[in-house]
file upload_0.txt (compact mmCIF, C-alpha atoms)
# COMPACT_ATOMS: atom_id res chain seq x y z
CA MET A 292 58.05 -172.52 -35.16
CA LEU A 293 54.54 -173.85 -34.54
CA VAL A 294 53.64 -177.37 -35.66
CA GLU A 295 50.33 -179.17 -35.34
CA PRO A 296 50.53 -181.91 -32.65
CA GLY A 297 49.81 -184.71 -35.07
CA GLU A 298 52.54 -183.57 -37.47
CA VAL A 299 55.48 -183.16 -35.10
CA GLU A 300 57.10 -186.52 -35.84
CA ARG A 301 56.88 -186.09 -39.60
CA ALA A 302 58.19 -182.52 -39.36
CA GLU A 303 61.18 -183.70 -37.33
CA GLU A 304 61.87 -186.44 -39.85
CA ALA A 305 61.83 -183.82 -42.61
CA ALA A 306 64.33 -181.78 -40.58
CA ARG A 307 66.64 -184.78 -40.26
CA THR A 308 66.45 -185.35 -43.99
CA ALA A 309 67.23 -181.69 -44.71
CA ALA A 310 70.20 -181.67 -42.33
CA GLY A 311 71.74 -184.73 -43.92
CA SER A 312 74.27 -186.70 -41.92
CA SER A 313 75.39 -183.96 -39.54
CA GLU A 314 73.92 -181.62 -36.93
CA PHE A 315 72.37 -178.41 -38.22
CA HIS A 316 73.57 -174.93 -37.25
CA ALA A 317 72.71 -172.26 -39.80
CA THR A 318 75.45 -169.79 -38.87
CA ARG A 319 78.16 -172.45 -39.04
CA LEU A 320 76.88 -173.81 -42.34
CA HIS A 321 76.72 -170.33 -43.85
CA SER A 322 80.28 -169.54 -42.79
CA ARG A 323 81.41 -172.74 -44.52
CA GLY A 324 79.42 -171.97 -47.65
CA HIS A 325 77.06 -174.95 -47.23
CA MET A 326 73.96 -172.99 -48.13
CA GLY A 327 72.26 -175.92 -49.82
CA VAL A 328 71.62 -177.47 -46.40
CA VAL A 329 70.19 -174.21 -45.03
CA GLU A 330 67.92 -173.86 -48.05
CA ALA A 331 66.73 -177.45 -47.64
CA MET A 332 65.88 -176.75 -44.00
CA LEU A 333 63.93 -173.63 -44.94
CA GLU A 334 62.01 -175.67 -47.51
CA ALA A 335 61.12 -178.12 -44.73
CA VAL A 336 59.93 -175.17 -42.64
CA ALA A 337 57.78 -173.92 -45.51
CA GLN A 338 56.22 -177.36 -45.83
CA TRP A 339 55.59 -178.25 -42.19
CA ALA A 340 55.35 -175.07 -40.13
CA GLY A 341 51.86 -173.99 -39.18
CA TRP A 342 53.35 -170.58 -38.40
CA ASN A 343 56.66 -168.99 -37.42
CA VAL A 344 57.13 -166.36 -34.72
CA VAL A 345 60.31 -164.33 -34.30
CA VAL A 346 60.71 -161.88 -31.42
CA ALA A 347 63.09 -158.97 -31.98
CA HIS A 348 64.58 -157.14 -29.01
CA THR A 349 66.34 -153.84 -29.70
CA PRO A 350 68.73 -152.71 -28.53
CA ILE A 351 70.37 -155.66 -26.80
CA GLY A 352 73.44 -153.90 -25.44
CA PRO A 353 75.60 -155.66 -22.87
CA HIS A 354 72.65 -157.27 -21.08
CA ARG A 355 72.03 -160.17 -23.42
CA GLU A 356 70.37 -162.36 -20.80
CA ALA A 357 67.88 -159.63 -19.89
CA ALA A 358 67.08 -159.21 -23.59
CA ARG A 359 66.53 -162.95 -23.95
CA GLN A 360 64.16 -163.10 -21.01
CA SER A 361 62.24 -160.07 -22.29
CA ALA A 362 61.88 -161.75 -25.69
CA LEU A 363 60.91 -165.04 -24.04
CA GLN A 364 58.14 -163.32 -22.10
CA ARG A 365 56.73 -161.86 -25.29
CA LEU A 366 56.95 -165.21 -27.08
CA LEU A 367 55.24 -167.11 -24.27
CA ARG A 368 52.38 -164.61 -24.14
CA TYR A 369 51.89 -164.97 -27.89
CA LEU A 370 52.02 -168.76 -27.79
CA ASP A 371 49.58 -168.86 -24.89
CA GLY A 372 47.18 -166.82 -26.98
CA GLN A 373 47.48 -169.47 -29.70
CA LYS A 374 46.65 -172.26 -27.19
CA VAL A 375 50.04 -173.92 -27.64
CA GLY A 376 50.51 -176.99 -25.44
CA ASP A 377 54.27 -177.62 -25.32
CA VAL A 378 57.03 -175.07 -25.82
CA VAL A 379 60.36 -176.76 -26.58
CA LEU A 380 63.54 -174.71 -26.14
CA ASP A 381 67.06 -175.71 -27.10
CA ARG A 382 69.37 -176.67 -24.26
CA ARG A 383 71.49 -173.66 -23.30
CA ALA A 384 73.90 -175.07 -20.75
CA ASP A 385 77.36 -176.29 -21.72
CA THR A 386 79.03 -179.37 -20.28
CA ALA A 387 80.61 -177.49 -17.37
CA GLN A 388 77.30 -175.88 -16.38
CA ILE A 389 75.50 -179.21 -16.55
CA GLY A 390 78.19 -180.83 -14.39
CA LEU A 391 77.94 -178.04 -11.81
CA ALA A 392 74.17 -178.42 -11.66
CA GLN A 393 74.54 -182.17 -11.07
CA GLN A 394 77.02 -181.53 -8.24
CA ARG A 395 74.50 -179.22 -6.62
CA GLY A 396 71.71 -181.74 -7.08
CA GLN A 397 69.84 -179.39 -9.41
CA ARG A 398 67.62 -180.69 -12.18
CA LEU A 399 68.42 -177.75 -14.47
CA ALA A 400 71.58 -175.77 -15.08
CA ASP A 401 71.52 -172.04 -14.35
CA PRO A 402 70.85 -170.80 -17.94
CA GLU A 403 67.84 -173.08 -18.31
CA HIS A 404 66.61 -172.30 -14.82
CA ARG A 405 66.45 -168.60 -15.79
CA ASP A 406 64.11 -169.51 -18.66
CA LEU A 407 61.96 -171.58 -16.30
CA ARG A 408 61.86 -168.73 -13.77
CA THR A 409 60.51 -166.40 -16.46
CA TYR A 410 57.86 -168.97 -17.36
CA ARG A 411 56.80 -169.44 -13.72
CA HIS A 412 56.63 -165.69 -13.18
CA LEU A 413 54.13 -165.38 -16.03
CA VAL A 414 52.09 -168.31 -14.75
CA ARG A 415 51.92 -166.94 -11.20
CA GLY A 416 50.92 -163.55 -12.56
CA GLY A 417 48.07 -165.09 -14.55
CA GLU A 418 49.55 -163.89 -17.84
CA ILE A 419 49.78 -167.39 -19.30
CA SER A 420 48.10 -170.69 -18.55
CA ASN A 421 49.89 -173.41 -16.59
CA ARG A 422 48.52 -175.84 -19.15
CA MET A 423 51.26 -174.67 -21.49
CA ARG A 424 54.47 -176.47 -20.61
CA LEU A 425 58.03 -175.26 -21.15
CA VAL A 426 60.79 -177.85 -21.57
CA HIS A 427 64.41 -177.86 -22.74
CA HIS A 428 65.75 -180.49 -25.13
CA ASP A 429 68.99 -181.05 -26.96
CA ASP A 430 68.49 -180.31 -30.66
CA THR A 431 70.04 -183.65 -31.59
CA THR A 432 67.03 -185.36 -30.02
CA ARG A 433 64.48 -182.79 -31.22
CA PRO A 434 65.52 -181.78 -34.76
CA GLY A 435 62.47 -179.58 -35.05
CA LEU A 436 64.64 -177.05 -33.23
CA TRP A 437 66.82 -176.93 -36.35
CA MET A 438 63.87 -175.53 -38.25
CA ALA A 439 63.48 -172.77 -35.66
CA ASP A 440 67.20 -172.04 -35.94
CA ALA A 441 66.88 -171.65 -39.71
CA VAL A 442 63.99 -169.19 -39.36
CA VAL A 443 65.77 -167.05 -36.78
CA TRP A 444 69.00 -167.09 -38.78
CA SER A 445 67.24 -166.03 -41.99
CA THR A 446 65.49 -163.19 -40.14
CA ARG A 447 68.78 -161.97 -38.73
CA ARG A 448 70.43 -162.09 -42.17
CA ALA A 449 67.61 -159.96 -43.58
CA LEU A 450 67.88 -157.36 -40.84
CA ALA A 451 71.55 -157.31 -39.91
CA ALA A 452 73.07 -158.06 -43.33
CA ASP A 453 70.35 -156.70 -45.62
CA GLU A 454 69.98 -160.12 -47.23
CA PRO A 455 66.28 -161.06 -47.37
CA GLN A 456 66.49 -163.88 -49.88
CA TRP A 457 66.39 -166.63 -47.27
CA LEU A 458 63.68 -165.08 -45.17
CA TYR A 459 61.64 -164.73 -48.37
CA ARG A 460 61.21 -168.51 -48.40
CA VAL A 461 59.17 -168.48 -45.17
CA ILE A 462 57.99 -164.88 -44.75
CA ASP A 463 54.45 -165.65 -45.85
CA ALA A 464 53.96 -167.69 -42.66
CA THR A 465 56.12 -165.66 -40.28
CA THR A 466 55.25 -162.99 -37.72
CA VAL A 467 57.99 -160.73 -36.33
CA LEU A 468 57.13 -159.19 -32.96
CA HIS A 469 58.83 -156.37 -31.08
CA ALA A 470 59.74 -157.70 -27.63
CA GLN A 471 59.11 -154.51 -25.68
CA THR A 472 55.78 -153.45 -27.20
CA GLY A 473 54.41 -156.57 -28.91
CA THR A 474 54.03 -154.65 -32.17
CA VAL A 475 53.95 -156.72 -35.36
CA LEU A 476 56.93 -155.61 -37.44
CA THR A 477 56.87 -155.72 -41.23
CA VAL A 478 59.93 -156.92 -43.12
CA SER A 479 59.32 -155.87 -46.71
CA ASP A 480 60.63 -153.78 -49.58
CA ASP A 481 57.55 -151.62 -49.97
CA GLY A 482 56.38 -151.40 -46.36
CA ALA A 483 53.27 -153.44 -47.11
CA ALA A 484 51.58 -154.70 -43.97
CA LEU A 485 50.50 -158.24 -43.27
CA PRO A 486 47.26 -159.32 -44.93
CA ASP A 487 44.10 -158.29 -43.10
CA GLY A 488 42.52 -160.81 -40.81
CA ASP A 489 43.93 -163.29 -38.34
CA ARG A 490 47.64 -162.66 -37.82
CA GLY A 491 48.45 -165.93 -36.20
CA PRO A 492 49.09 -169.57 -36.97
CA HIS A 493 47.08 -170.93 -39.84
CA ARG A 494 46.42 -174.43 -41.04
CA ARG A 495 47.72 -175.09 -44.51
CA ALA A 496 44.49 -174.18 -46.31
CA GLN A 497 44.44 -170.82 -44.55
CA ARG A 498 48.16 -170.32 -44.94
CA ASP A 499 47.92 -170.80 -48.71
CA GLU A 500 45.62 -167.79 -48.87
CA VAL A 501 48.16 -165.70 -47.01
CA SER A 502 50.94 -166.99 -49.26
CA ALA A 503 49.23 -165.42 -52.25
CA GLN A 504 50.30 -162.03 -50.86
CA PRO A 505 54.10 -162.21 -50.44
CA MET A 506 55.66 -159.50 -48.33
CA LEU A 507 59.01 -159.37 -50.08
CA SER A 508 60.10 -158.79 -53.64
CA SER A 509 61.75 -161.52 -55.66
CA PRO A 510 64.87 -162.92 -53.99
CA ALA A 511 68.05 -161.03 -54.73
CA PRO A 512 71.16 -162.89 -55.93
CA TYR A 513 73.08 -164.54 -53.12
CA ARG A 514 75.94 -162.56 -51.64
CA VAL A 515 79.22 -163.94 -50.47
CA ALA A 516 79.49 -163.89 -46.69
CA ARG A 517 81.62 -161.02 -45.41
CA ARG A 518 84.58 -161.65 -43.17
CA GLY A 519 83.03 -159.48 -40.47
CA ARG A 520 79.72 -161.36 -40.71
CA TYR A 521 77.58 -158.23 -40.86
CA PRO A 522 78.09 -154.78 -42.42
CA ASP A 523 78.65 -151.86 -40.08
CA SER A 524 76.03 -149.69 -41.74
CA VAL A 525 72.32 -150.21 -41.21
CA GLY A 526 70.59 -151.63 -44.28
CA ARG A 527 67.15 -150.74 -45.54
CA TYR A 528 65.41 -153.64 -43.80
CA MET A 529 66.90 -152.87 -40.41
CA ALA A 530 66.26 -149.16 -40.94
CA SER A 531 62.61 -149.93 -41.67
CA ILE A 532 62.35 -152.11 -38.56
CA LEU A 533 63.93 -149.41 -36.39
CA GLN A 534 61.47 -146.84 -37.74
CA GLN A 535 58.55 -149.12 -36.93
CA ILE A 536 59.92 -149.75 -33.44
CA ALA A 537 60.34 -146.02 -32.85
CA ALA A 538 56.77 -145.37 -33.98
CA ALA A 539 55.48 -148.17 -31.73
CA THR A 540 57.54 -147.08 -28.74
CA VAL A 541 56.41 -143.44 -28.69
CA PRO A 542 52.78 -144.10 -27.65
CA VAL A 543 53.92 -146.72 -25.14
CA GLN A 544 56.37 -144.29 -23.59
CA ALA A 545 53.73 -141.56 -23.59
CA ALA A 546 51.22 -143.84 -21.87
CA ARG A 547 53.86 -144.84 -19.32
CA LEU A 548 54.68 -141.19 -18.71
CA VAL A 549 51.00 -140.35 -18.17
CA THR A 550 50.71 -143.21 -15.70
CA GLU A 551 53.82 -142.11 -13.85
CA VAL A 552 52.57 -138.51 -13.67
CA ARG A 553 49.23 -139.69 -12.27
CA GLN A 554 50.98 -141.85 -9.71
CA LEU A 555 53.26 -138.97 -8.75
CA ARG A 556 50.28 -136.62 -8.42
CA ALA A 557 48.45 -139.10 -6.23
CA GLU A 558 51.53 -139.49 -4.05
CA VAL A 559 51.93 -135.71 -3.73
CA ASP A 560 48.26 -135.41 -2.74
CA ARG A 561 48.69 -138.16 -0.17
CA LEU A 562 51.78 -136.53 1.32
CA THR A 563 50.07 -133.13 1.35
CA ARG A 564 47.13 -134.52 3.30
CA ALA A 565 49.48 -136.32 5.66
CA VAL A 566 51.52 -133.18 6.30
CA ALA A 567 48.40 -131.05 6.85
CA GLY A 568 46.93 -133.58 9.25
CA GLY A 569 50.25 -133.97 11.03
CA ALA A 570 50.58 -130.20 11.54
CA VAL A 571 47.26 -130.04 13.39
CA HIS A 572 48.14 -133.10 15.41
CA ASP A 573 51.61 -131.74 16.23
CA GLY A 574 50.06 -128.40 17.29
CA ARG A 575 47.91 -130.19 19.82
CA LEU A 576 50.91 -132.06 21.12
CA ALA A 577 52.89 -128.84 21.39
CA ASP A 578 50.10 -127.17 23.37
CA GLY A 579 49.91 -130.11 25.71
CA ALA A 580 53.65 -130.18 26.15
CA SER A 581 53.62 -126.48 27.03
CA ARG A 582 51.14 -127.11 29.81
CA LEU A 583 53.17 -130.06 31.09
CA GLU A 584 56.26 -127.88 31.40
CA HIS A 585 54.46 -125.89 34.16
CA PRO A 586 52.19 -128.40 35.88
CA ILE A 587 49.58 -127.24 38.35
CA GLU A 588 50.62 -128.26 41.80
CA HIS A 589 48.49 -128.71 44.90
CA ASN A 590 49.50 -127.88 48.42
CA SER A 591 48.61 -129.98 51.40
CA ALA A 592 45.29 -128.18 51.67
CA GLY A 593 44.42 -129.11 48.13
CA ARG A 594 44.64 -125.59 46.80
CA ALA A 595 46.17 -125.12 43.42
CA VAL A 596 49.34 -123.09 43.13
CA ASP A 597 51.09 -121.84 40.05
CA GLY A 598 54.38 -123.46 40.83
CA PRO A 599 56.61 -124.86 43.51
CA ASP A 600 56.82 -123.06 46.81
CA LEU A 601 60.16 -121.38 46.84
CA GLY A 602 59.63 -119.53 50.10
call {"tool": "encode", "arguments": {"input": "upload_0.txt", "output": "structure tokens"}}
result
Amino acid sequence: MLVEPGEVERAEEAARTAAGSSEFHATRLHSRGHMGVVEAMLEAVAQWAGWNVVVAHTPIGPHREAARQSALQRLLRYLDGQKVGDVVLDRRADTAQIGLAQQRGQRLADPEHRDLRTYRHLVRGGEISNRMRLVHHDDTTRPGLWMADAVVWSTRRALAADEPQWLYRVIDATTVLHAQTGTVLTVSDDGAALPDGDRGPHRRAQRDEVSAQPMLSSPAPYRVARRGRYPDSVGRYMASILQQIAAATVPVQAARLVTEVRQLRAEVDRLTRAVAGGAVHDGRLADGASRLEHPIEHNSAGRAVDGPDLG
């Protein structure tokens, strides 16, 4: 979630008010049926967020950490393009990991160090500016992270559970990006694309214009949470996202294949030239070696003889 620098404190105060007297965690609140708190947090997001960005990585598979770092790279590139100053991430390490890091004299625990390593890799590669900082904070001290949690949770409910009613509250100021290709994904009933023009953070006056073109139909009635959290079948929203990802991935894969073929062709040409040059060189060596096998000898008078005197 992007917030204007001068509005961070007021946005965090709004998040505290929405959360009430306890810490906010959308998944836990939903499982307990406390949806009023989640809705209040989404209303705070709608009021204070300059823009929301969600990065979707599919498929995740067993390598969840690799998927996170891939998504983080995409997010950092996007935020750098929006001239963001500070990127605040929620603390990832548990108590045991923090204790281990302290024993080792490390400033960060391993999970957070992996995030920082991704950030430094992008900086060293010139992909993002070192003026953009990345820091980890506990969400109890930075309640603005609760707003981000609400946005991500509502996006996941729309895609994984086919329940878009919560995402509808903030979709007019939300961009969903595909981690691998950077494609803007559309979460809508009719497949309508984002409004033409700047597809990035807007100030409120600009955002109001975008809000006049909602991407989703009217919210559907709330559904009771399933015991298994998410249905096994793919709903229409996830199916639409997967189709968009497939369409975006094909040209990327084709371009990668063309590049690999060109590289392979160049390598074959290089090896061919090396082999051809080596054959000529080896021929010369072979000729020389043949002459060395039967060296010309000289007798005491200095006359050349064909070989040793066996007489």
call {"tool": "residues_near_point", "arguments": {"input": "upload_0.txt", "point": "(72.4, -174.2, -23.8)", "cutoff": "9 Å", "atoms": "all atoms listed in the file", "output": "list in words"}}
result
Asp381, Arg382, Arg383, Ala384, Asp385, Ala400, Pro402, Glu403, His427 and Asp429 of chain A
call {"tool": "closest_residue", "arguments": {"input": "upload_0.txt", "among": "A:Ala387, A:Ala530, A:Leu370, A:Val379", "to": "Leu425 of chain A", "atoms": "all atoms listed in the file"}}
result
A:Val379
call {"tool": "atom_distance", "arguments": {"input": "upload_0.txt", "atom1": "atom CA of Asn421 of chain A", "atom2": "atom CA of Arg405 of chain A"}}
result
17.3 Å
call {"tool": "residues_around", "arguments": {"input": "upload_0.txt", "residues": "segment 345-347 of chain A", "least_positions_apart": "3", "cutoff": "7 Å", "atoms": "all atoms listed in the file", "output": "list in words"}}
result
Ala362, Leu366, Val443, Thr466, Val467, Leu468, His469 and Ala470 of chain A
call {"tool": "closest_residue", "arguments": {"input": "upload_0.txt", "among": "A:Gln364, A:Gln535, A:Thr431, A:Gln338", "to": "Leu407 of chain A", "atoms": "all atoms listed in the file"}}
result
A:Gln364
call {"tool": "closest_residue", "arguments": {"input": "upload_0.txt", "among": "A:Met529, A:Ala451, A:Phe315, A:Glu298", "to": "Asp430 of chain A", "atoms": "only C-alpha atoms"}}
result
A:Phe315
call {"tool": "atom_distance", "arguments": {"input": "upload_0.txt", "atom1": "atom CA of Ser313 of chain A", "atom2": "atom CA of Val299 of chain A"}}
result
20.4 Å
call {"tool": "atom_distance", "arguments": {"input": "upload_0.txt", "atom1": "atom CA of Leu320 of chain A", "atom2": "atom CA of Thr465 of chain A"}}
result
22.4 Å
call {"tool": "residues_around", "arguments": {"input": "upload_0.txt", "residues": "Gly372 of chain A", "least_positions_apart": "6", "cutoff": "10 Å", "atoms": "all atoms listed in the file", "output": "list in words"}}
result
Leu366, Glu418, Ile419, Ser420 and Gly491 of chain A
call {"tool": "residues_around", "arguments": {"input": "upload_0.txt", "residues": "Ala335 of chain A", "least_positions_apart": "3", "cutoff": "12 Å", "atoms": "only C-alpha atoms", "output": "CSV table (one decimal) with C-alpha atoms, keeping the file's coordinate frame"}}
result
chain,number,residue,atom,x,y,z
A,292,MET,CA,58.0,-172.5,-35.2
A,294,VAL,CA,53.6,-177.4,-35.7
A,301,ARG,CA,56.9,-186.1,-39.6
A,302,ALA,CA,58.2,-182.5,-39.4
A,303,GLU,CA,61.2,-183.7,-37.3
A,304,GLU,CA,61.9,-186.4,-39.8
A,305,ALA,CA,61.8,-183.8,-42.6
A,306,ALA,CA,64.3,-181.8,-40.6
A,307,ARG,CA,66.6,-184.8,-40.3
A,308,THR,CA,66.4,-185.4,-44.0
A,309,ALA,CA,67.2,-181.7,-44.7
A,310,ALA,CA,70.2,-181.7,-42.3
A,328,VAL,CA,71.6,-177.5,-46.4
A,329,VAL,CA,70.2,-174.2,-45.0
A,330,GLU,CA,67.9,-173.9,-48.0
A,331,ALA,CA,66.7,-177.4,-47.6
A,332,MET,CA,65.9,-176.8,-44.0
A,338,GLN,CA,56.2,-177.4,-45.8
A,339,TRP,CA,55.6,-178.2,-42.2
A,340,ALA,CA,55.4,-175.1,-40.1
A,341,GLY,CA,51.9,-174.0,-39.2
A,434,PRO,CA,65.5,-181.8,-34.8
A,435,GLY,CA,62.5,-179.6,-35.0
A,437,TRP,CA,66.8,-176.9,-36.4
A,438,MET,CA,63.9,-175.5,-38.2
A,439,ALA,CA,63.5,-172.8,-35.7
A,441,ALA,CA,66.9,-171.6,-39.7
A,442,VAL,CA,64.0,-169.2,-39.4
A,460,ARG,CA,61.2,-168.5,-48.4
A,461,VAL,CA,59.2,-168.5,-45.2
call {"tool": "build_atoms", "arguments": {"input": "upload_0.txt", "residues": "segment 356-386 of chain A", "atoms": "N, CA and C atoms", "output": "short mmCIF file (atom, residue, chain, number, x, y, z; two decimals), in the frame of the given file"}}
result
data_model
loop_
_atom_site.label_atom_id
_atom_site.label_comp_id
_atom_site.auth_asym_id
_atom_site.auth_seq_id
_atom_site.Cartn_x
_atom_site.Cartn_y
_atom_site.Cartn_z
N GLU A 356 71.29 -161.47 -21.50
CA GLU A 356 70.37 -162.36 -20.80
C GLU A 356 69.05 -161.66 -20.52
N ALA A 357 69.11 -160.39 -20.13
CA ALA A 357 67.88 -159.63 -19.89
C ALA A 357 67.07 -159.50 -21.18
N ALA A 358 67.76 -159.30 -22.30
CA ALA A 358 67.08 -159.21 -23.59
C ALA A 358 66.42 -160.54 -23.94
N ARG A 359 67.11 -161.64 -23.66
CA ARG A 359 66.53 -162.95 -23.95
C ARG A 359 65.27 -163.18 -23.14
N GLN A 360 65.31 -162.86 -21.85
CA GLN A 360 64.16 -163.10 -21.01
C GLN A 360 62.99 -162.19 -21.39
N SER A 361 63.29 -160.97 -21.80
CA SER A 361 62.24 -160.07 -22.29
C SER A 361 61.58 -160.65 -23.54
N ALA A 362 62.41 -161.15 -24.46
CA ALA A 362 61.88 -161.75 -25.69
C ALA A 362 61.11 -163.02 -25.38
N LEU A 363 61.60 -163.80 -24.41
CA LEU A 363 60.91 -165.04 -24.04
C LEU A 363 59.54 -164.74 -23.46
N GLN A 364 59.44 -163.70 -22.64
CA GLN A 364 58.14 -163.32 -22.10
C GLN A 364 57.15 -163.00 -23.22
N ARG A 365 57.61 -162.22 -24.18
CA ARG A 365 56.73 -161.86 -25.29
C ARG A 365 56.31 -163.10 -26.07
N LEU A 366 57.25 -163.99 -26.32
CA LEU A 366 56.95 -165.21 -27.08
C LEU A 366 55.95 -166.08 -26.33
N LEU A 367 56.14 -166.26 -25.04
CA LEU A 367 55.24 -167.11 -24.27
C LEU A 367 53.83 -166.53 -24.22
N ARG A 368 53.71 -165.23 -24.11
CA ARG A 368 52.38 -164.61 -24.14
C ARG A 368 51.70 -164.87 -25.49
N TYR A 369 52.45 -164.73 -26.55
CA TYR A 369 51.89 -164.97 -27.89
C TYR A 369 51.46 -166.42 -28.04
N LEU A 370 52.33 -167.34 -27.64
CA LEU A 370 52.02 -168.76 -27.79
C LEU A 370 50.84 -169.17 -26.92
N ASP A 371 50.73 -168.58 -25.75
CA ASP A 371 49.58 -168.86 -24.89
C ASP A 371 48.29 -168.42 -25.57
N GLY A 372 48.36 -167.29 -26.26
CA GLY A 372 47.18 -166.82 -26.98
C GLY A 372 46.79 -167.73 -28.13
N GLN A 373 47.75 -168.51 -28.62
CA GLN A 373 47.48 -169.47 -29.70
C GLN A 373 47.17 -170.86 -29.17
N LYS A 374 47.02 -170.99 -27.84
CA LYS A 374 46.65 -172.26 -27.19
C LYS A 374 47.69 -173.34 -27.44
N VAL A 375 48.96 -172.95 -27.45
CA VAL A 375 50.04 -173.92 -27.64
C VAL A 375 50.17 -174.78 -26.38
N GLY A 376 50.40 -176.08 -26.57
CA GLY A 376 50.51 -176.99 -25.44
C GLY A 376 51.91 -177.09 -24.89
N ASP A 377 52.89 -177.43 -25.75
CA ASP A 377 54.27 -177.62 -25.32
C ASP A 377 55.17 -176.64 -26.04
N VAL A 378 56.02 -175.97 -25.28
CA VAL A 378 57.03 -175.07 -25.82
C VAL A 378 58.38 -175.73 -25.59
N VAL A 379 59.07 -176.07 -26.67
CA VAL A 379 60.36 -176.76 -26.58
C VAL A 379 61.47 -175.77 -26.90
N LEU A 380 62.39 -175.58 -25.96
CA LEU A 380 63.54 -174.71 -26.14
C LEU A 380 64.80 -175.55 -26.24
N ASP A 381 65.77 -175.04 -26.98
CA ASP A 381 67.06 -175.71 -27.10
C ASP A 381 67.82 -175.63 -25.79
N ARG A 382 68.55 -176.69 -25.44
CA ARG A 382 69.37 -176.67 -24.26
C ARG A 382 70.39 -175.56 -24.36
N ARG A 383 70.57 -174.79 -23.30
CA ARG A 383 71.49 -173.66 -23.30
C ARG A 383 72.79 -173.95 -22.57
N ALA A 384 72.75 -174.85 -21.61
CA ALA A 384 73.90 -175.07 -20.75
C ALA A 384 74.99 -175.86 -21.47
N ASP A 385 76.25 -175.51 -21.17
CA ASP A 385 77.36 -176.29 -21.72
C ASP A 385 77.69 -177.42 -20.75
N THR A 386 78.70 -178.20 -21.09
CA THR A 386 79.03 -179.37 -20.28
C THR A 386 79.40 -178.99 -18.85
#
